[in-house]
Each structure stands twice: as C-alpha cells, then as structure tokens.
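Chemist: mmCIF, C-alpha atoms and all ligand atoms, file run23.cif:
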```
data_upload
#
loop_
_atom_site.label_atom_id
_atom_site.label_comp_id
_atom_site.auth_asym_id
_atom_site.auth_seq_id
_atom_site.Cartn_x
_atom_site.Cartn_y
_atom_site.Cartn_z
CA MET A 27 107.83 96.44 61.39
CA THR A 28 106.77 92.97 60.35
CA ARG A 29 106.87 91.25 63.72
CA ARG A 30 104.32 92.32 66.29
CA ASP A 31 105.41 94.63 69.10
CA ILE A 32 105.98 93.14 72.53
CA PRO A 33 104.29 95.34 75.17
CA LEU A 34 105.73 95.98 78.64
CA ALA A 35 102.86 94.69 80.82
CA VAL A 36 99.32 94.14 79.57
CA PRO A 37 96.32 92.37 81.09
CA ASN A 38 95.85 88.64 80.54
CA ILE A 39 92.11 88.31 79.95
CA GLY A 40 90.46 85.06 78.89
CA ALA A 41 87.15 83.26 78.60
CA ALA A 42 86.65 83.00 82.38
CA GLU A 43 86.94 86.78 82.73
CA GLU A 44 84.47 87.31 79.87
CA ALA A 45 81.97 84.91 81.42
CA SER A 46 82.29 86.46 84.88
CA VAL A 47 81.75 90.03 83.67
CA LEU A 48 78.88 88.98 81.41
CA ALA A 49 77.18 87.18 84.31
CA ALA A 50 77.51 90.32 86.43
CA VAL A 51 76.03 92.49 83.67
CA ARG A 52 73.12 90.10 83.23
CA SER A 53 72.51 89.93 86.99
CA GLY A 54 71.77 93.66 87.06
CA TRP A 55 74.38 94.17 89.82
CA VAL A 56 76.54 96.64 87.93
CA SER A 57 77.20 99.34 90.50
CA THR A 58 78.99 99.65 93.86
CA VAL A 59 77.11 96.91 95.72
CA GLY A 60 76.77 93.27 94.71
CA PRO A 61 77.76 89.66 95.26
CA ALA A 62 80.93 89.90 93.14
CA VAL A 63 82.27 92.67 95.41
CA ASP A 64 81.63 90.53 98.51
CA GLU A 65 83.33 87.55 96.87
CA PHE A 66 86.29 89.65 95.74
CA GLU A 67 86.82 91.08 99.24
CA LEU A 68 86.82 87.55 100.71
CA GLY A 69 89.28 86.35 98.06
CA ILE A 70 91.66 89.27 98.60
CA ALA A 71 91.50 88.76 102.38
CA ARG A 72 92.29 85.05 101.93
CA VAL A 73 95.43 85.55 99.80
CA SER A 74 96.54 88.27 102.26
CA GLY A 75 96.21 86.04 105.33
CA VAL A 76 93.57 88.25 106.98
CA GLU A 77 89.83 88.14 107.68
CA LYS A 78 88.66 91.25 105.95
CA ALA A 79 89.34 93.41 102.88
CA ALA A 80 87.75 96.62 101.58
CA ALA A 81 87.57 96.88 97.78
CA VAL A 82 88.04 100.40 96.39
CA ALA A 83 88.03 102.02 92.94
CA ALA A 84 91.81 102.60 92.74
CA GLY A 85 94.99 101.98 94.69
CA THR A 86 95.39 105.73 95.14
CA MET A 87 91.96 105.91 96.77
CA GLY A 88 92.86 103.00 99.04
CA LEU A 89 96.01 104.79 100.20
CA HIS A 90 94.08 108.03 100.79
CA VAL A 91 91.28 106.45 102.78
CA ALA A 92 93.75 104.27 104.76
CA LEU A 93 95.61 107.40 105.89
CA VAL A 94 92.34 109.10 106.87
CA ALA A 95 91.20 105.99 108.79
CA LEU A 96 94.46 106.11 110.79
CA GLY A 97 93.95 109.75 111.72
CA VAL A 98 96.36 111.42 109.28
CA GLY A 99 95.16 114.91 108.41
CA ARG A 100 95.96 118.49 107.58
CA GLY A 101 99.47 119.65 108.45
CA ASP A 102 100.83 116.18 109.25
CA LEU A 103 103.95 114.60 107.81
CA VAL A 104 103.93 111.06 106.38
CA ILE A 105 107.34 109.40 106.09
CA GLY A 106 108.03 107.33 102.98
CA PRO A 107 110.49 106.80 100.13
CA SER A 108 111.03 109.32 97.32
CA TYR A 109 111.55 106.37 94.99
CA THR A 110 107.95 105.40 94.22
CA PHE A 111 105.07 105.98 91.82
CA ALA A 112 103.36 109.39 92.13
CA ALA A 113 100.22 107.80 93.67
CA THR A 114 101.97 107.28 97.03
CA ALA A 115 102.82 110.95 97.49
CA ASN A 116 99.56 112.10 95.87
CA ALA A 117 97.54 110.14 98.43
CA VAL A 118 99.47 111.80 101.26
CA SER A 119 98.61 115.21 99.77
CA HIS A 120 94.94 114.24 99.29
CA ALA A 121 94.83 113.57 103.04
CA GLY A 122 96.04 117.15 103.65
CA ALA A 123 99.48 115.91 104.77
CA THR A 124 102.97 116.39 103.33
CA PRO A 125 105.36 113.56 102.45
CA TYR A 126 108.76 113.41 104.14
CA PHE A 127 111.11 111.58 101.80
CA LEU A 128 113.75 109.09 102.90
CA ASP A 129 116.20 107.00 100.90
CA ILE A 130 115.88 103.33 99.92
CA ASP A 131 117.97 100.32 100.82
CA PRO A 132 119.99 99.30 97.73
CA ARG A 133 119.37 95.63 98.56
CA SER A 134 115.59 95.86 98.15
CA TRP A 135 114.81 99.33 96.72
CA THR A 136 112.43 99.77 99.68
CA LEU A 137 112.38 102.26 102.59
CA ASP A 138 115.79 102.25 104.31
CA PRO A 139 115.18 101.19 107.95
CA GLU A 140 118.44 102.85 109.05
CA ALA A 141 117.38 106.19 107.61
CA LEU A 142 114.00 105.83 109.35
CA THR A 143 115.69 104.95 112.66
CA ASP A 144 117.99 107.96 112.38
CA LEU A 145 115.12 110.35 111.65
CA LEU A 146 112.85 109.07 114.43
CA GLU A 147 115.56 108.73 117.08
CA ASN A 148 117.54 111.89 116.42
CA ARG A 149 115.32 114.47 114.76
CA THR A 150 111.87 114.18 116.34
CA GLU A 151 110.57 115.23 119.76
CA ARG A 152 107.43 114.76 121.86
CA ASP A 153 105.39 117.82 122.80
CA ALA A 154 103.70 118.29 126.19
CA ASP A 155 100.73 116.21 124.97
CA GLY A 156 103.00 113.36 123.88
CA VAL A 157 102.52 114.06 120.15
CA LEU A 158 105.54 113.13 118.00
CA ARG A 159 106.79 116.10 115.99
CA LEU A 160 109.64 116.88 113.62
CA ALA A 161 112.11 118.81 115.78
CA ALA A 162 113.05 121.21 112.97
CA ASP A 163 109.58 122.73 112.43
CA GLY A 164 107.17 121.15 114.93
CA ARG A 165 105.02 119.36 112.33
CA ARG A 166 103.22 116.26 113.65
CA ILE A 167 104.34 112.91 112.23
CA GLY A 168 101.14 111.12 111.24
CA ALA A 169 102.26 107.80 109.77
CA VAL A 170 105.00 105.85 108.03
CA MET A 171 104.33 104.56 104.53
CA PRO A 172 106.77 101.96 103.15
CA VAL A 173 106.37 101.02 99.49
CA TYR A 174 106.70 97.40 98.35
CA THR A 175 108.73 98.32 95.28
CA ASN A 176 107.91 96.07 92.32
CA GLY A 177 105.98 93.87 94.76
CA HIS A 178 108.99 93.39 97.07
CA PRO A 179 107.91 93.90 100.72
CA ALA A 180 109.99 96.34 102.76
CA ASP A 181 112.00 95.23 105.80
CA MET A 182 108.88 95.13 107.97
CA ASP A 183 110.48 93.13 110.81
CA THR A 184 112.60 96.21 111.48
CA ILE A 185 110.23 98.98 110.41
CA VAL A 186 107.09 97.91 112.30
CA PRO A 187 108.63 97.47 115.80
CA LEU A 188 110.43 100.81 115.31
CA CYS A 189 107.15 102.54 114.43
CA ARG A 190 105.39 100.85 117.38
CA ARG A 191 108.08 102.25 119.69
CA PHE A 192 107.23 105.75 118.42
CA GLY A 193 103.46 105.15 118.36
CA LEU A 194 103.26 105.62 114.59
CA PRO A 195 100.76 103.76 112.39
CA VAL A 196 102.11 102.01 109.28
CA VAL A 197 100.35 102.01 105.89
CA ALA A 198 102.02 99.77 103.31
CA ASP A 199 101.79 100.79 99.67
CA ALA A 200 101.67 97.20 98.41
CA ALA A 201 100.13 98.29 95.11
CA ALA A 202 102.00 95.70 93.05
CA ALA A 203 102.46 93.02 95.72
CA ILE A 204 99.33 90.85 95.46
CA GLY A 205 100.38 87.27 96.19
CA SER A 206 103.84 88.19 97.53
CA LEU A 207 105.13 86.39 100.62
CA TYR A 208 107.31 87.79 103.41
CA LYS A 209 109.26 85.12 105.30
CA GLY A 210 106.91 82.57 103.76
CA GLU A 211 103.72 84.29 104.96
CA PRO A 212 101.06 86.36 103.16
CA ILE A 213 101.66 90.11 103.60
CA GLY A 214 98.30 91.35 104.96
CA ARG A 215 99.24 91.30 108.65
CA LEU A 216 102.55 93.19 108.46
CA ALA A 217 101.31 96.81 108.46
CA ASP A 218 98.24 98.33 110.16
CA LEU A 219 96.78 98.70 106.67
CA THR A 220 98.10 97.32 103.39
CA VAL A 221 96.91 98.67 100.04
CA TYR A 222 96.82 96.92 96.65
CA SER A 223 96.18 98.27 93.16
CA PHE A 224 94.44 96.36 90.37
CA ASN A 225 95.29 98.81 87.62
CA GLY A 226 95.74 97.27 84.16
CA ASN A 227 99.51 96.79 84.45
CA LYS A 228 99.43 95.01 87.83
CA THR A 229 99.66 91.21 88.29
CA ILE A 230 95.85 90.93 88.40
CA THR A 231 93.52 93.66 87.19
CA THR A 232 89.95 94.84 87.69
CA GLY A 233 90.39 97.42 84.94
CA GLY A 234 90.96 100.00 87.64
CA GLY A 235 90.69 99.22 91.32
CA GLY A 236 92.33 98.53 94.64
CA ALA A 237 91.82 96.97 98.05
CA VAL A 238 92.77 97.66 101.65
CA VAL A 239 93.54 94.84 104.10
CA GLY A 240 94.80 94.64 107.67
CA PRO A 241 95.00 92.35 110.69
CA GLU A 242 92.29 94.25 112.57
CA PRO A 243 88.83 93.68 111.01
CA ALA A 244 87.34 96.72 112.79
CA LEU A 245 89.89 99.04 111.17
CA VAL A 246 89.26 97.56 107.70
CA ALA A 247 85.52 97.97 108.34
CA ARG A 248 86.20 101.64 109.10
CA VAL A 249 88.03 101.97 105.76
CA LYS A 250 85.03 100.44 104.01
CA HIS A 251 82.70 102.79 105.88
CA LEU A 252 84.72 105.89 104.92
CA ALA A 253 84.94 104.70 101.30
CA SER A 254 81.16 104.22 101.19
CA THR A 255 80.13 107.84 102.01
CA ALA A 256 80.27 107.11 105.78
CA ARG A 257 76.67 106.02 105.53
CA VAL A 258 74.96 104.60 108.60
CA GLY A 259 72.05 102.25 107.96
CA SER A 260 70.09 102.27 104.69
CA GLY A 261 68.77 105.84 104.86
CA TYR A 262 70.53 109.15 104.42
CA ASP A 263 72.49 109.27 107.65
CA HIS A 264 76.24 109.83 107.41
CA ASP A 265 78.31 110.06 110.57
CA GLU A 266 81.36 111.89 109.15
CA VAL A 267 82.86 113.20 105.91
CA GLY A 268 82.98 110.19 103.63
CA PHE A 269 84.29 109.30 100.20
CA ASN A 270 82.72 107.63 97.19
CA TYR A 271 85.65 105.29 96.60
CA ARG A 272 83.97 101.90 96.15
CA MET A 273 84.77 99.31 93.52
CA THR A 274 81.87 98.37 91.24
CA ASN A 275 80.41 94.89 90.97
CA LEU A 276 81.48 94.75 87.28
CA GLU A 277 85.09 95.45 88.23
CA ALA A 278 84.93 92.89 91.03
CA ALA A 279 83.53 90.29 88.61
CA LEU A 280 86.61 90.76 86.44
CA GLY A 281 88.75 90.63 89.59
CA ASN A 282 87.27 87.32 90.77
CA ALA A 283 88.18 85.60 87.52
CA GLN A 284 91.67 87.13 87.66
CA LEU A 285 92.20 86.19 91.30
CA ALA A 286 91.42 82.55 90.48
CA ARG A 287 94.47 82.70 88.18
CA LEU A 288 96.85 84.40 90.63
CA ASP A 289 99.15 81.38 91.02
CA GLU A 290 99.31 80.96 87.23
CA PHE A 291 100.26 84.65 86.84
CA VAL A 292 102.85 84.54 89.63
CA ALA A 293 104.42 81.43 88.07
CA ALA A 294 104.56 83.17 84.69
CA LYS A 295 106.30 86.19 86.22
CA GLN A 296 108.82 83.87 87.93
CA ARG A 297 109.47 82.01 84.65
CA ILE A 298 110.13 85.26 82.75
CA ARG A 299 112.27 86.70 85.54
CA ARG A 300 114.46 83.59 85.67
CA ALA A 301 114.98 83.68 81.91
CA TYR A 302 116.16 87.31 82.04
CA GLU A 303 118.35 86.73 85.09
CA THR A 304 120.05 83.75 83.45
CA ALA A 305 120.53 85.55 80.15
CA PHE A 306 122.01 88.73 81.62
CA ALA A 307 124.04 87.19 84.48
CA GLY A 308 127.70 88.14 84.27
CA LEU A 309 127.21 90.81 81.59
CA GLN A 310 129.56 93.71 82.31
CA GLY A 311 127.70 96.72 83.74
CA ILE A 312 124.32 94.93 83.93
CA SER A 313 122.70 93.83 87.19
CA PRO A 314 119.27 92.35 88.01
CA PHE A 315 116.52 93.95 90.12
CA PRO A 316 117.03 93.07 93.80
CA SER A 317 115.43 90.13 95.56
CA SER A 318 116.12 89.47 99.23
CA GLY A 319 115.93 86.05 100.85
CA ASN A 320 112.99 87.24 102.98
CA VAL A 321 110.57 87.57 100.09
CA SER A 322 109.15 85.28 97.45
CA ARG A 323 106.58 85.56 94.69
CA ALA A 324 107.47 89.26 94.54
CA ASP A 325 108.05 89.61 90.82
CA TRP A 326 105.65 92.21 89.44
CA PHE A 327 108.19 94.15 87.35
CA PHE A 328 111.77 93.12 86.83
CA GLY A 329 114.51 93.87 84.34
CA ILE A 330 118.03 95.22 84.39
CA VAL A 331 120.04 98.00 85.98
CA VAL A 332 122.19 99.55 83.25
CA ASP A 333 125.45 101.10 84.37
CA PRO A 334 126.82 103.92 82.17
CA SER A 335 130.04 101.87 81.81
CA THR A 336 128.09 99.83 79.21
CA GLY A 337 128.17 102.90 76.97
CA TRP A 338 124.38 103.13 77.20
CA ASN A 339 122.01 105.31 79.13
CA VAL A 340 118.48 104.03 79.70
CA PRO A 341 116.58 106.60 77.54
CA ASP A 342 118.76 105.73 74.51
CA LEU A 343 118.34 102.01 75.16
CA VAL A 344 114.56 102.49 75.49
CA ALA A 345 114.46 104.33 72.14
CA ALA A 346 116.53 101.63 70.42
CA LEU A 347 114.37 98.84 71.86
CA ASN A 348 111.15 100.66 70.91
CA GLU A 349 112.44 100.91 67.30
CA ARG A 350 112.85 97.13 67.37
CA GLY A 351 109.33 96.51 68.63
CA ILE A 352 110.12 96.01 72.33
CA GLY A 353 107.68 98.19 74.29
CA VAL A 354 109.80 99.27 77.23
CA ARG A 355 110.02 102.68 78.90
CA THR A 356 112.02 104.37 81.63
CA PHE A 357 110.91 103.76 85.21
CA TRP A 358 109.92 105.89 88.25
CA LYS A 359 111.37 109.38 88.52
CA PRO A 360 111.70 110.06 92.26
CA MET A 361 109.14 112.30 93.95
CA HIS A 362 111.61 114.93 95.17
CA LEU A 363 112.35 115.71 91.50
CA GLN A 364 108.65 116.33 90.67
CA PRO A 365 107.28 119.91 90.71
CA ALA A 366 104.48 119.00 93.16
CA PHE A 367 106.88 117.61 95.76
CA ARG A 368 110.08 119.57 95.15
CA ASP A 369 109.62 121.53 98.38
CA ALA A 370 108.65 118.57 100.56
CA PRO A 371 111.03 117.94 103.47
CA ARG A 372 113.55 115.16 102.97
CA ASP A 373 116.88 113.68 103.93
CA ALA A 374 119.82 113.09 101.60
CA LEU A 375 118.86 110.47 98.99
CA PRO A 376 122.17 109.14 97.62
CA VAL A 377 120.92 105.64 96.71
CA THR A 378 117.79 106.97 95.00
CA GLU A 379 119.74 109.63 93.05
CA VAL A 380 122.23 107.12 91.65
CA LEU A 381 119.77 104.29 91.02
CA TRP A 382 116.73 105.75 89.30
CA PRO A 383 118.23 106.74 85.93
CA LYS A 384 119.69 103.23 85.49
CA VAL A 385 116.51 101.15 85.94
CA LEU A 386 115.04 99.41 82.88
CA PRO A 387 112.01 97.11 83.37
CA LEU A 388 111.68 94.49 80.63
CA PRO A 389 108.45 93.07 79.16
CA CYS A 390 106.72 90.90 81.76
CA SER A 391 103.09 90.34 80.73
CA THR A 392 101.94 87.01 82.11
CA ASP A 393 101.05 85.70 78.64
CA LEU A 394 104.54 86.38 77.27
CA GLY A 395 105.73 83.19 75.56
CA ASP A 396 109.24 81.78 75.63
CA GLY A 397 109.76 82.89 72.00
CA ASP A 398 108.98 86.51 72.90
CA VAL A 399 111.21 86.34 75.97
CA ALA A 400 114.03 85.02 73.78
CA ARG A 401 113.48 87.86 71.31
CA VAL A 402 113.70 90.46 74.12
CA ILE A 403 116.92 88.86 75.39
CA GLU A 404 118.49 88.66 71.92
CA THR A 405 117.60 92.27 71.14
CA VAL A 406 118.91 93.67 74.44
CA ARG A 407 122.13 91.65 74.18
CA GLY A 408 122.65 92.74 70.58
CA LEU A 409 122.32 96.42 71.51
CA LEU A 410 124.63 96.12 74.51
CA GLU A 411 127.28 94.47 72.32
CA THR A 412 127.06 97.22 69.70
CA HIS A 413 128.29 99.79 72.16
CA ALA A 414 130.82 97.63 73.94
C1 LIG B 501 100.23 101.11 90.64
C2 LIG B 501 100.73 101.80 91.86
C3 LIG B 501 99.88 102.65 92.62
C4 LIG B 501 98.59 103.21 92.09
O1 LIG B 501 97.50 102.55 92.04
P1 LIG B 501 96.24 103.03 91.15
O2 LIG B 501 95.36 101.86 91.27
O3 LIG B 501 96.75 103.27 89.76
O4 LIG B 501 95.69 104.25 91.79
C5 LIG B 501 100.35 103.16 93.82
N1 LIG B 501 101.59 102.92 94.25
C6 LIG B 501 102.45 102.15 93.56
C7 LIG B 501 103.80 101.90 94.11
C8 LIG B 501 102.06 101.58 92.34
O5 LIG B 501 102.93 100.81 91.65
#
```
If you convert what's in this file into structure tokens, what do you get?
Ligand SMILES: *Cc1c(COP(=O)(O)O)cnc(C)c1O
Modeler:
Amino acid sequence: MTRRDIPLAVPNIGAAEEASVLAAVRSGWVSTVGPAVDEFELGIARVSGVEKAAAVAAGTMGLHVALVALGVGRGDLVIGPSYTFAATANAVSHAGATPYFLDIDPRSWTLDPEALTDLLENRTERDADGVLRLAADGRRIGAVMPVYTNGHPADMDTIVPLCRRFGLPVVADAAAAIGSLYKGEPIGRLADLTVYSFNGNKTITTGGGGAVVGPEPALVARVKHLASTARVGSGYDHDEVGFNYRMTNLEAALGNAQLARLDEFVAAKQRIRRAYETAFAGLQGISPFPSSGNVSRADWFFGIVVDPSTGWNVPDLVAALNERGIGVRTFWKPMHLQPAFRDAPRDALPVTEVLWPKVLPLPCSTDLGDGDVARVIETVRGLLETHA
C-alpha cells in the first residue's frame, strides 16, 4: 500500500484544541470540577436551545442517569428501536430495566411512530393505581427511548404527544446528533431529556464524554446531582444512591475548542455527504441514507445502502475496500440479534431485519479532503462495476 489509508471517522484536532487542553493542565483544574466544565455545559445548552446541560463521562452514562432521573428502575420496560448501537440497550439494563424493541421507519431509520402507537393503544393496560403496564405480562412501562439514528431526529412531533397521552417520559438517544435541527430548531427541547456522546468518532469529541440536556432546568440539575455522587453541600452528605459519572475539566477543555468548530464540522459533513449522494445517484441497487424534510444538519454518518441485486454483500464490499485502503466497516447489528438482548420482548421487526445487512457507512471524517472523497467514490464505483 503506497497511498495512505482513509479512515472511517477520526477526530479533527488542531492547535486550538492543543492550547485549550494545555491551559487546563497548567491551571491545575484537571479533575471533575473546573471552569472548562462550566463553559462546556453552557455551550452545549446553547447549541441545544435550552438553559442547562449536565456534562458526563460518556454517552452511555448520560443515558443511564437520565433513565434513573425519570424514575425508571428494576423490572420496568423501556421502549426503543432494536436498530441502534449497544449503548442504548446497555443503559436500559444498567438502570435495572429491560428494553422492548420496536421497528424503525424506513424513511428515517428511527423509531416507527405507528408501531409505538399500536403497542401503547392495543397492548398495554392501566392497573388500579393508574400505572401503565404491558398487558401480556404486567411489567410497568417506564419510558420511551427514541434514537436519533446517524444524528437524524426521530418523528418527535408524533412520538412526544403520544407519550404524553400515556404519561410516559421520553429520553432521546441523540448520541450523534449534536448541532442537528428539527423543523429548523435545535433539538434540546423535544424530549424530557436528550443525551449526546462525544466519543472519538462523533462530530465533536472530548476523547470520551457525553451530556444531558432538557427543557426543564430542575430535571437537568437532578441529572447533574445524580451523576455527582448525589452529594449535598461540600461535606460528605449524599441524599440518595449516586453515580460518579462526571466529565473531567481536561475533557471539557478539549470539548470547548471542538464546540467552537461545530459549524465548520457540520459543513464538512454536508460537503462530503453531497459528494457521495451525487456520485452514487441513479446507480442500480444503491440508495443513500435517509434524510427527511424535517431535519437538517443531521449528517454524522452517511453512505450507501447496498442491495444484493448489485452482486455484492456488505461484508465482501468492506473487505475489498479495506484491501484498497478505504477504512470502512459494517454497521449496527440490531439488538435483538445480540446474546444479551435475545430474550428481550419485541414486536416483529421487518424493516430492521431487511435493512441492517445492507448498510455501508463511507469515510466521513471532517478533515477529509475532496481528493480523498474522490478516491472513495472511484474505488466504490470500480468495485460495483466489477460485479455488474
Ligand atoms: C456513540 C453512541 C452512543 C454511545 O456513547 P458513548 O459515549 O460511547 O458511551 C450511544 N448511542 C448511540 C446511538 C451512539 O451512536
């Protein structure tokens, strides 16, 4: 291999990030309290359209503590899609609950509102105390957790009123959706709590990290409290079982420099996405990732859906691209096919079953130049033609 490999999605770290982290190190504020954390929480709240954010050490931790803050606990069910990253279902389990898997809408790859309506209207019942339970086995329904797949918000204008009608809280797994807009607005007010991840492959990174936002500052303050050992005052008083889930000041320092570049990163993602969409439009058996008219700036990962009629399956195409220096890999394997969640309750998942083996994300690092994008396009097209 003479040419360098093109990775799938790597951090874009420059001089501003270096300076910000170095300043934090030199300030002595290296642990879980410090001015960079305060600044990061304000910045995340601002781009989310809310007053308050709670920074945490990972998206998974944010999801876990959000569920706990909304009263989800042992024996509960949390309704969400099977088509997601393992963190969504793991967080439900960490809270002592069990995921209930529904299908996705093929137009957005997010939680199907019709499947949710059918489940809530036809297969739940209220007990004598007014608690909503699954009719089949009496388990309490604790929350609904839509996932903003690849940064694409779910159909929240349908999902949230439906959940309100049934008295269910909504936690959005918006791990990859920082900066996304829903109907032209920032996404922080849609769900009761919305959770981001700043893992290394996300649009902005803190190394590892996450944040929880919501329209109600008191609820976000409760998330922060739970994530900070439920400590009251500056002594050793703790008013409930807490977690040590806080982001460090060093991570937040990196995050502040990254957040200042959010618009640059979103524009880069849009540029790369457009190039792929133009290049692969009209190719037999190839379709783009979905994008509904309701969302914008929702372009974390994108690529192509490869129909078997092309003569290719995704694992073979991944291997061929890897040999040619293009660092792609297969995408999410649904949760109902994972050993840990095989026995979780679920509905039929026809869209998920057909879709997941055909999804191929293409390289989308925000520093990917037009030459690299052209090389990815040329290589993919060449392989598709070989089999045709
Ligand atoms: C990245 C991601 C997460 C996990 O976040 P971590 O920060 O890695 O814990 C959760 N859910 C989805 C959908 C993700 O893409």
Chemist: With distances taken over all atoms listed in the file, which residue among A:Ile312, A:Ala123, A:Met273, A:Pro371 lies nearest Ala162 (chain A)?
Modeler: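 Selected residue with least distance to Ala162 (chain A): A:Pro371.
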Chemist: Counting all atoms listed in the file, what is within 8 Å of Ser134 (chain A), bar same-chain residues fewer than 6 positions away, as a list in words?
Modeler: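 My list of contacting residues is Thr175, His178, Ala180, Pro316, Ser317 and Ser318 of chain A.
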Chemist: Can you tell me, as a list in words, what residues are no more than 8 Å from Leu128 (chain A) when counting only C-alpha atoms, ignoring any on the same chain fewer than 3 positions away?
Modeler: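 Here the answer would be Ile105, Gly106, Pro107, Ser108, Leu137, Asp138, Ala141, Leu142, Arg372, Asp373, Ala374 and Leu375 of chain A.
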Chemist: Find the residues near ligand LIG 501 (chain B). Use a cut-off of 10 Å, count all atoms listed in the file, and write them as a ChimeraX atom specification.
Modeler: /A:82-90,109-117,172-177,198-203,221-228,231-237,326-327,358
Chemist: May I ask for the distance between CA of Ser322 (chain A) and CA of Gly205 (chain A), given in Å to one decimal place?
Modeler: 9.1 Å
Chemist: Any idea what's packed within 10 Å of Leu394 (chain A), counting all atoms listed in the file, ignoring anything in its chain fewer than 2 positions away? Could you give it as a ChimeraX atom specification?
Modeler: /A:32-36,38,294-295,297-298,389-392,396-399
Chemist: Keeping only C-alpha atoms, write the selected residues as a tab-separated table (two decimals), keeping the file's coordinate frame.
Modeler:
```tsv
chain	number	residue	atom	x	y	z
A	32	ILE	CA	105.98	93.14	72.53
A	33	PRO	CA	104.29	95.34	75.17
A	34	LEU	CA	105.73	95.98	78.64
A	35	ALA	CA	102.86	94.69	80.82
A	36	VAL	CA	99.32	94.14	79.57
A	38	ASN	CA	95.85	88.64	80.54
A	294	ALA	CA	104.56	83.17	84.69
A	295	LYS	CA	106.30	86.19	86.22
A	297	ARG	CA	109.47	82.01	84.65
A	298	ILE	CA	110.13	85.26	82.75
A	389	PRO	CA	108.45	93.07	79.16
A	390	CYS	CA	106.72	90.90	81.76
A	391	SER	CA	103.09	90.34	80.73
A	392	THR	CA	101.94	87.01	82.11
A	396	ASP	CA	109.24	81.78	75.63
A	397	GLY	CA	109.76	82.89	72.00
A	398	ASP	CA	108.98	86.51	72.90
A	399	VAL	CA	111.21	86.34	75.97
```
Chemist: CA of Gln284 (chain A) and CA of Gly240 (chain A) are how many Å apart?
Modeler: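 Computing it gives 21.6 Å between the two atoms.
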Chemist: Quick one: everything within 9 Å of Ala161 (chain A), counting all atoms listed in the file, minus sequence neighbours fewer than 4 positions away in the same chain. Send it as a list in words.
Modeler: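 Neighbouring residues, sequence-local ones excluded: Asn148, Arg149, Thr150, Glu151, Arg152 and Arg165 of chain A.
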Chemist: Please dump the current selection as a PDB file, in the coordinates of the input; keep C-alpha atoms.
Modeler:
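And here's out.pdb as it stands now:
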```pdb
ATOM      1  CA  ASN A 148     117.540 111.890 116.420  1.00  0.00           C
ATOM      2  CA  ARG A 149     115.320 114.470 114.760  1.00  0.00           C
ATOM      3  CA  THR A 150     111.870 114.180 116.340  1.00  0.00           C
ATOM      4  CA  GLU A 151     110.570 115.230 119.760  1.00  0.00           C
ATOM      5  CA  ARG A 152     107.430 114.760 121.860  1.00  0.00           C
ATOM      6  CA  ARG A 165     105.020 119.360 112.330  1.00  0.00           C
TER       7      ARG A 165
END
```
Chemist: With distances taken over all atoms listed in the file, which residue among A:Ala279, A:Ala301, A:Leu245, A:Ala345 lies nearest Ala49 (chain A)?
Modeler: A:Ala279
Chemist: Measuring atom to atom with all atoms listed in the file, identify which of A:Val59, A:Leu410, A:Val186, A:Ala278 is nearest to Trp338 (chain A).
Modeler: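 For Trp338 (chain A), the nearest of the candidates is A:Leu410.
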Chemist: Which distance in Å separates CA of Pro314 (chain A) and CA of Arg300 (chain A), to one decimal?
Modeler: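 We find that CA of Pro314 (chain A) and CA of Arg300 (chain A) lie 10.3 Å from each other.
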Chemist: Select, from A:Thr405, A:Thr378, A:Ser57, A:Thr143, the residue with the minimum atom-to-atom distance to Phe306 (chain A), counting only C-alpha atoms.
Modeler: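 Looking only at the distances to Phe306 (chain A), the closest residue turns out to be A:Thr405.
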Chemist: So which residues touch Leu158 (chain A) within 12 Å, counting all atoms listed in the file, skipping near sequence neighbours fewer than 5 positions away, as a PDB file with C-alpha atoms, in the frame of the given file?
Modeler:
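Writing done, so here's out-v4.pdb:
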```pdb
ATOM      1  CA  ASP A 102     100.830 116.180 109.250  1.00  0.00           C
ATOM      2  CA  LEU A 103     103.950 114.600 107.810  1.00  0.00           C
ATOM      3  CA  VAL A 104     103.930 111.060 106.380  1.00  0.00           C
ATOM      4  CA  LEU A 145     115.120 110.350 111.650  1.00  0.00           C
ATOM      5  CA  LEU A 146     112.850 109.070 114.430  1.00  0.00           C
ATOM      6  CA  GLU A 147     115.560 108.730 117.080  1.00  0.00           C
ATOM      7  CA  ARG A 149     115.320 114.470 114.760  1.00  0.00           C
ATOM      8  CA  THR A 150     111.870 114.180 116.340  1.00  0.00           C
ATOM      9  CA  GLU A 151     110.570 115.230 119.760  1.00  0.00           C
ATOM     10  CA  ARG A 152     107.430 114.760 121.860  1.00  0.00           C
ATOM     11  CA  ASP A 153     105.390 117.820 122.800  1.00  0.00           C
ATOM     12  CA  ASP A 163     109.580 122.730 112.430  1.00  0.00           C
ATOM     13  CA  GLY A 164     107.170 121.150 114.930  1.00  0.00           C
ATOM     14  CA  ARG A 165     105.020 119.360 112.330  1.00  0.00           C
ATOM     15  CA  ARG A 166     103.220 116.260 113.650  1.00  0.00           C
ATOM     16  CA  ILE A 167     104.340 112.910 112.230  1.00  0.00           C
ATOM     17  CA  GLY A 168     101.140 111.120 111.240  1.00  0.00           C
ATOM     18  CA  ALA A 169     102.260 107.800 109.770  1.00  0.00           C
ATOM     19  CA  CYS A 189     107.150 102.540 114.430  1.00  0.00           C
ATOM     20  CA  ARG A 191     108.080 102.250 119.690  1.00  0.00           C
ATOM     21  CA  PHE A 192     107.230 105.750 118.420  1.00  0.00           C
ATOM     22  CA  GLY A 193     103.460 105.150 118.360  1.00  0.00           C
ATOM     23  CA  LEU A 194     103.260 105.620 114.590  1.00  0.00           C
ATOM     24  CA  PRO A 195     100.760 103.760 112.390  1.00  0.00           C
TER      25      PRO A 195
END
```
